[in-house]
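The structure appears below as C-alpha cells.
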Amino acid sequence: MFDLANALLAEGELAEAIGCYQQAVALRGDFAEAHNNMGVALRRSGRIDEAIEAFGRALNIRLDYADAHNNLGNALCAREDWNGAAACFAQAIRLRPDFADAHGNLGNALLGRGEIDKAIACYNRALAIKPDASGIHNNLSNALCARGDIPGAMAACRKSLELKPDFPEAHLSLSILLLLQGDLENGWREYEWRWKSKEHRTAAADFPQPQWDGSALEGRTILLHSEQALGDTIQFFRYAPLVASAGGKVIVACQRELVALAQSVEGVEAAVERNGALPRFDCHCPLLSLPRVFKTTLHNVPANMSYIRASGGKWRGRVPTDGPFDQAQGRRKKVGLVWAGGKHPPGRSIELESFAALAGMPNLWLCSLQKGEAAGQIRGSRLKITDWTDELHDFADTAGLVENLDLVITVDTAVAHLAGAMGKPAWVLLKFVPDWRWMLEGARSPWYPSLRLFRQQRGGDWSQPMRELIEALAR
C-alpha cells in the first residue's frame with residue numbers, strides 16, 4: 001500500500017495517494033515514512049494544517065528524521081511562519097549537514113524574514129553541495145534581485161534555465177528581471193510562462209473560447225479578465241480602448257472593488273465581477289497579456305491619456321474649495337495620503353508618523369485614503385487628517401475623492417495606479433528594488449506621466465526619499 005501511495009504521489013494523483021497512505025498508517029501506526037509522505041501529499045493539495053499534523057506524527061515516531069523536519073519547514077513556509085520554518089530547516093541541517101535542499105529552504109525562510117544576505121549565504125551553501133539544483137539557482141536569483149544585484153540575479157537565473165530550460169519559475173523570474181530593466185519586448189514574452197508556474201497556475205482561466213492573438217475582432221465579443229492584484233488591474237485597463245479599436249465588443253471581468261471603475265473606461269461595453277456569472281463572449285485575454293499582444297515597449301506605452309473617469313460630485317461640498325495647488329499664492333493644498341500596502345510584496349509600507357513633518361507645514365489639508373489595518377495609525381497621530389474612508393466602498397468612491405484633491409502621496413499601492421490612471425499628480429514612495437513596473441531608476445514612470453517617484457537609496461531606509469518628498473512639498 002505504501003509503494004502504491006508513493007507511485008500515485010509521483011504521478012500527482014494526490015487524493016488517491018492520501019487515501020493509500022491513510023490505509024498504510026491504519027495498518028501500522030508507527031510507520032514514520034508513511035506519515036511523512038502523506039504530509040507531502042497533503043501540502044501539495046493545499047491542506048496545510050493536516051500536513052503539519054502528519055509531519056508532527058512522523059517526528060513523534062522518529063525525532064531524528066531530517067526529511068520530516070525539512071518538510072514540516074516547507075509547510076510552515078506556506079503559512080508564512082518564517083521563524084518556525086527556519087527552526088525546522090536548521091534542525092534538518094544539524095541532523096544531515098550535507099542536506100542541500102534544507103540549506104536552500106532555510107534561505108527561503110530567511111528571505112521571507114527579510115534577511116537577504118543570510119538567505120544568499122544559504123543558497124550558496126546549498127549549491128556548493130548540489131550545483132545542478134535549478135530551483136536553488138532560481139531562488140538565489142530572486143534574493144540577489146532583492147538586494148539590488150541585478151547582474152548577479154540575471155546570471156543565476158540564466159544558470160537555472162541552462163540546467164532546466166522548461167522551468168516555469170525561472171522563466172517568470174527572468175521576465176521580472178527583464179521588465180525591471182526596461183526590456184519590455186523580451187519581458188512580455190517570458191512573462192507568458194507565468195501560467196505554468198505554481199504561483200499563477202491556479203489563476204489561469206480555463207475557458208473553451210480561444211485566447212485573443214491581436215487579430216481583427218470583426219464585431220466579436222472579447223472578455224478581458226483580471227488575474228492579479230488591484231493595482232495590476234487598474235494599470236492594464238488602459239488597453240481596453242485599443243482592444244475596442246480592433247473592432248470588438250469589450251467586456252471586463254475584474255475584482256468587485258473595480259467593477260464601477262472599469263465601466264468608466266472608454267471602449268468598455270460592460271464590466272462584471274470576475275468570480276460571478278459571465279456573459280457570452282467569443283474570445284478572451286488576460287489583462288497582463290495585452291502588452292505582449294500590442295508589442296508594448298518603452299517607446300509606445302499607451303500613456304498619453306487619462307483613461308479612468310471619476311465623478312467627484314459627492315465630495316465637492318466637503319473638500320476645501322479655496323483654490324488649487326498654488327504655493328506662490330499661499331492657497332491651501334489638498335493632499336491625500338496612503339502609507340501602507342498589503343504584505344506582498346513586502347517592504348513597501350511605512351508608518352504614518354514618518355510624515356510627521358507635514359504637521360508643521362502651513363496651508364495643508366490632509367485626507368486619508370488608507371484602508372485596512374494600517375488606517376488605525378491615525379488614532380494618536382500628531383497629524384491632523386480628515387478620514388472619510390468608511391465611505392469609500394469601492395475604487396469609484398476613492399476616485400471621486402481623489403478627483404477633488406490637488407495631490408496624492410502614497411507608497412506603492414493601487415491608489416498610485418488610480419491617481420496615475422486619472423492623470424492626477426501623485427508622488428510615490430518606492431522601496432530600493434521596487435516592483436518591475438517602476439523599473440530601477442528615474443523620477444518618472446513611462447506608464448503614468450502624472451506620477452513622480454521617490455526612491456530608497458538603501459534597502460529599508462525611507463529617510464532620504466521622505467526628506468526629498470517633504471522638501472519638494474515645501475517648495
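Every chain in the C-alpha cells has a letter given in the order shown (A, B, ...), and although residue numbers restart at 1 in each chain, ligands are simply numbered from 1 in the order shown.
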Contacts of Arg238 of chain A within 9 Å, only C-alpha atoms, excl. fewer than 3 positions in-chain, as a ChimeraX atom specification: /A:234-235,241-242,265-266,302-303,305-308,421
Take the residues that were just selected and, keeping N, CA and C atoms, output them as an mmCIF file, in the first residue's frame.
```cif
data_model
loop_
_atom_site.group_PDB
_atom_site.id
_atom_site.type_symbol
_atom_site.label_atom_id
_atom_site.label_comp_id
_atom_site.auth_asym_id
_atom_site.auth_seq_id
_atom_site.Cartn_x
_atom_site.Cartn_y
_atom_site.Cartn_z
ATOM 1 N N ILE A 234 -5.907 47.920 -12.560
ATOM 2 C CA ILE A 234 -6.087 49.319 -12.943
ATOM 3 C C ILE A 234 -5.071 49.707 -14.014
ATOM 4 N N GLN A 235 -3.825 49.293 -13.841
ATOM 5 C CA GLN A 235 -2.777 49.665 -14.792
ATOM 6 C C GLN A 235 -3.103 49.209 -16.199
ATOM 7 N N PRO A 241 -9.459 50.536 -24.577
ATOM 8 C CA PRO A 241 -9.775 51.292 -25.800
ATOM 9 C C PRO A 241 -9.061 50.752 -27.040
ATOM 10 N N LEU A 242 -7.825 50.266 -26.864
ATOM 11 C CA LEU A 242 -7.090 49.711 -28.001
ATOM 12 C C LEU A 242 -7.739 48.423 -28.486
ATOM 13 N N VAL A 265 -14.216 53.253 -18.242
ATOM 14 C CA VAL A 265 -13.123 53.247 -19.213
ATOM 15 C C VAL A 265 -13.686 53.250 -20.631
ATOM 16 N N GLU A 266 -13.142 54.116 -21.456
ATOM 17 C CA GLU A 266 -13.581 54.189 -22.853
ATOM 18 C C GLU A 266 -13.405 52.836 -23.543
ATOM 19 N N PRO A 302 0.992 52.943 -23.981
ATOM 20 C CA PRO A 302 -0.211 53.775 -24.149
ATOM 21 C C PRO A 302 -0.484 54.586 -22.880
ATOM 22 N N ALA A 303 0.203 55.724 -22.766
ATOM 23 C CA ALA A 303 0.142 56.513 -21.528
ATOM 24 C C ALA A 303 -0.211 57.966 -21.789
ATOM 25 N N MET A 305 -3.022 59.350 -22.227
ATOM 26 C CA MET A 305 -4.417 59.675 -21.959
ATOM 27 C C MET A 305 -4.744 59.323 -20.505
ATOM 28 N N SER A 306 -5.764 59.997 -19.975
ATOM 29 C CA SER A 306 -6.307 59.630 -18.663
ATOM 30 C C SER A 306 -7.500 58.720 -18.937
ATOM 31 N N TYR A 307 -7.370 57.463 -18.573
ATOM 32 C CA TYR A 307 -8.388 56.505 -19.021
ATOM 33 C C TYR A 307 -9.403 56.147 -17.945
ATOM 34 N N ILE A 308 -9.236 56.678 -16.736
ATOM 35 C CA ILE A 308 -10.238 56.492 -15.686
ATOM 36 C C ILE A 308 -10.971 57.810 -15.487
ATOM 37 N N ALA A 421 -3.858 56.714 -13.444
ATOM 38 C CA ALA A 421 -4.836 56.440 -14.499
ATOM 39 C C ALA A 421 -5.805 57.597 -14.691
#
```
Long-range neighbours of segment 387-394 of chain A as a ChimeraX atom specification, 7 Å cut-off, only C-alpha atoms, 3 positions minimum in chain: /A:257-258,367-369,371,397-398
Those selected residues, please, written with C-alpha atoms and delivered as a PDB file, in the first residue's frame.
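Written output follows (out_26.pdb):
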```
ATOM      1  CA  GLU A 257     -13.996  46.836  -5.979  1.00  0.00           C
ATOM      2  CA  LEU A 258     -13.131  47.784  -9.562  1.00  0.00           C
ATOM      3  CA  CYS A 367      -7.114  63.482   3.766  1.00  0.00           C
ATOM      4  CA  SER A 368      -6.652  59.758   4.407  1.00  0.00           C
ATOM      5  CA  LEU A 369      -7.040  57.352   1.522  1.00  0.00           C
ATOM      6  CA  LYS A 371      -7.819  51.385   4.034  1.00  0.00           C
ATOM      7  CA  ASP A 397     -15.721  56.184  -4.499  1.00  0.00           C
ATOM      8  CA  THR A 398     -11.987  56.650  -3.978  1.00  0.00           C
TER       9      THR A 398
END
```
Per-residue nearest contacts segment 60-154 of chain A to segment 329-343 of chain A, cut-off 12 Å, using only C-alpha atoms, as JSON lines:
```
{"residue": "A:Glu80", "atom": "CA", "partner": "A:Lys343", "partner_atom": "CA", "distance": 10.6}
{"residue": "A:Gly112", "atom": "CA", "partner": "A:Lys343", "partner_atom": "CA", "distance": 10.9}
{"residue": "A:Arg113", "atom": "CA", "partner": "A:Lys343", "partner_atom": "CA", "distance": 11.9}
```
Separation of atom CA of Ala102 of chain A from atom CA of Lys130 of chain A, in Å and rounded to one decimal: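 Going from atom CA of Ala102 of chain A over to atom CA of Lys130 of chain A covers 11.3 Å.
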d(atom CA of Val428 of chain A, atom CA of Ile120 of chain A) in Å: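 Taking atom CA of Val428 of chain A and atom CA of Ile120 of chain A, their separation equals 29.3 Å.
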DSSP strand (DSSP E or B) residues within segment 228-467 of chain A, listed as number ranges by chain: A: 249-254, 268-273, 283-286, 333-338, 364-368, 385-386, 407-411, 426-430, 451-455
List the neighbours of Asp282 of chain A out to 10 Å using only C-alpha atoms; skip same-chain residues closer than 2 positions along the sequence, and give me the result as a compact mmCIF listing (two decimals) with C-alpha atoms, in the first residue's frame.
```
# COMPACT_ATOMS: atom_id res chain seq x y z
CA PRO A 208 -13.18 26.93 -24.04
CA GLN A 209 -13.04 30.13 -26.08
CA PRO A 210 -9.66 30.93 -27.67
CA GLN A 211 -7.24 33.50 -26.27
CA TRP A 212 -7.08 36.59 -28.46
CA LEU A 217 -12.22 41.14 -33.88
CA GLY A 219 -17.67 42.50 -34.10
CA ARG A 220 -16.87 39.59 -31.82
CA THR A 221 -17.18 39.95 -28.04
CA ILE A 222 -13.93 39.73 -26.10
CA LEU A 223 -13.58 39.18 -22.35
CA GLY A 248 -14.70 44.11 -30.84
CA LYS A 249 -17.20 44.46 -28.06
CA ARG A 280 -21.42 35.27 -23.55
CA HIS A 284 -10.68 36.29 -24.13
```
Two-atom distance - atom CA of Gln255 of chain A, atom CA of Glu373 of chain A (Å):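 Rounded to one decimal, the two atoms are 20.2 Å apart.
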Within 8 Å of segment 312-319 of chain A using only C-alpha atoms, minus same-chain residues under 2 positions, as a PyMOL selection string: chain A and resi 310+321+399-405
Kindly export the residues of the current selection with N, CA and C atoms, as a PDB file, in the first residue's frame.
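The resulting file, again_22.pdb, is shown below:
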```pdb
ATOM      1  N   ALA A 310     -13.794  59.928 -13.266  1.00  0.00           N
ATOM      2  CA  ALA A 310     -14.361  59.885 -11.916  1.00  0.00           C
ATOM      3  C   ALA A 310     -15.439  60.947 -11.765  1.00  0.00           C
ATOM      4  N   THR A 321     -12.516  74.202  -0.780  1.00  0.00           N
ATOM      5  CA  THR A 321     -12.599  74.695  -2.154  1.00  0.00           C
ATOM      6  C   THR A 321     -11.876  76.022  -2.335  1.00  0.00           C
ATOM      7  N   ALA A 399     -11.906  57.224  -6.344  1.00  0.00           N
ATOM      8  CA  ALA A 399     -11.603  58.084  -7.486  1.00  0.00           C
ATOM      9  C   ALA A 399     -12.339  59.420  -7.375  1.00  0.00           C
ATOM     10  N   GLY A 400     -13.574  59.385  -6.909  1.00  0.00           N
ATOM     11  CA  GLY A 400     -14.326  60.620  -6.745  1.00  0.00           C
ATOM     12  C   GLY A 400     -13.672  61.551  -5.747  1.00  0.00           C
ATOM     13  N   LEU A 401     -13.156  60.989  -4.651  1.00  0.00           N
ATOM     14  CA  LEU A 401     -12.468  61.810  -3.660  1.00  0.00           C
ATOM     15  C   LEU A 401     -11.151  62.343  -4.220  1.00  0.00           C
ATOM     16  N   VAL A 402     -10.391  61.474  -4.904  1.00  0.00           N
ATOM     17  CA  VAL A 402      -9.116  61.894  -5.495  1.00  0.00           C
ATOM     18  C   VAL A 402      -9.330  63.009  -6.510  1.00  0.00           C
ATOM     19  N   GLU A 403     -10.439  62.972  -7.230  1.00  0.00           N
ATOM     20  CA  GLU A 403     -10.733  63.999  -8.231  1.00  0.00           C
ATOM     21  C   GLU A 403     -10.758  65.398  -7.608  1.00  0.00           C
ATOM     22  N   ASN A 404     -11.085  65.479  -6.318  1.00  0.00           N
ATOM     23  CA  ASN A 404     -11.187  66.764  -5.637  1.00  0.00           C
ATOM     24  C   ASN A 404      -9.904  67.174  -4.923  1.00  0.00           C
ATOM     25  N   LEU A 405      -8.843  66.369  -5.052  1.00  0.00           N
ATOM     26  CA  LEU A 405      -7.571  66.675  -4.385  1.00  0.00           C
ATOM     27  C   LEU A 405      -6.595  67.307  -5.368  1.00  0.00           C
TER      28      LEU A 405
END
```
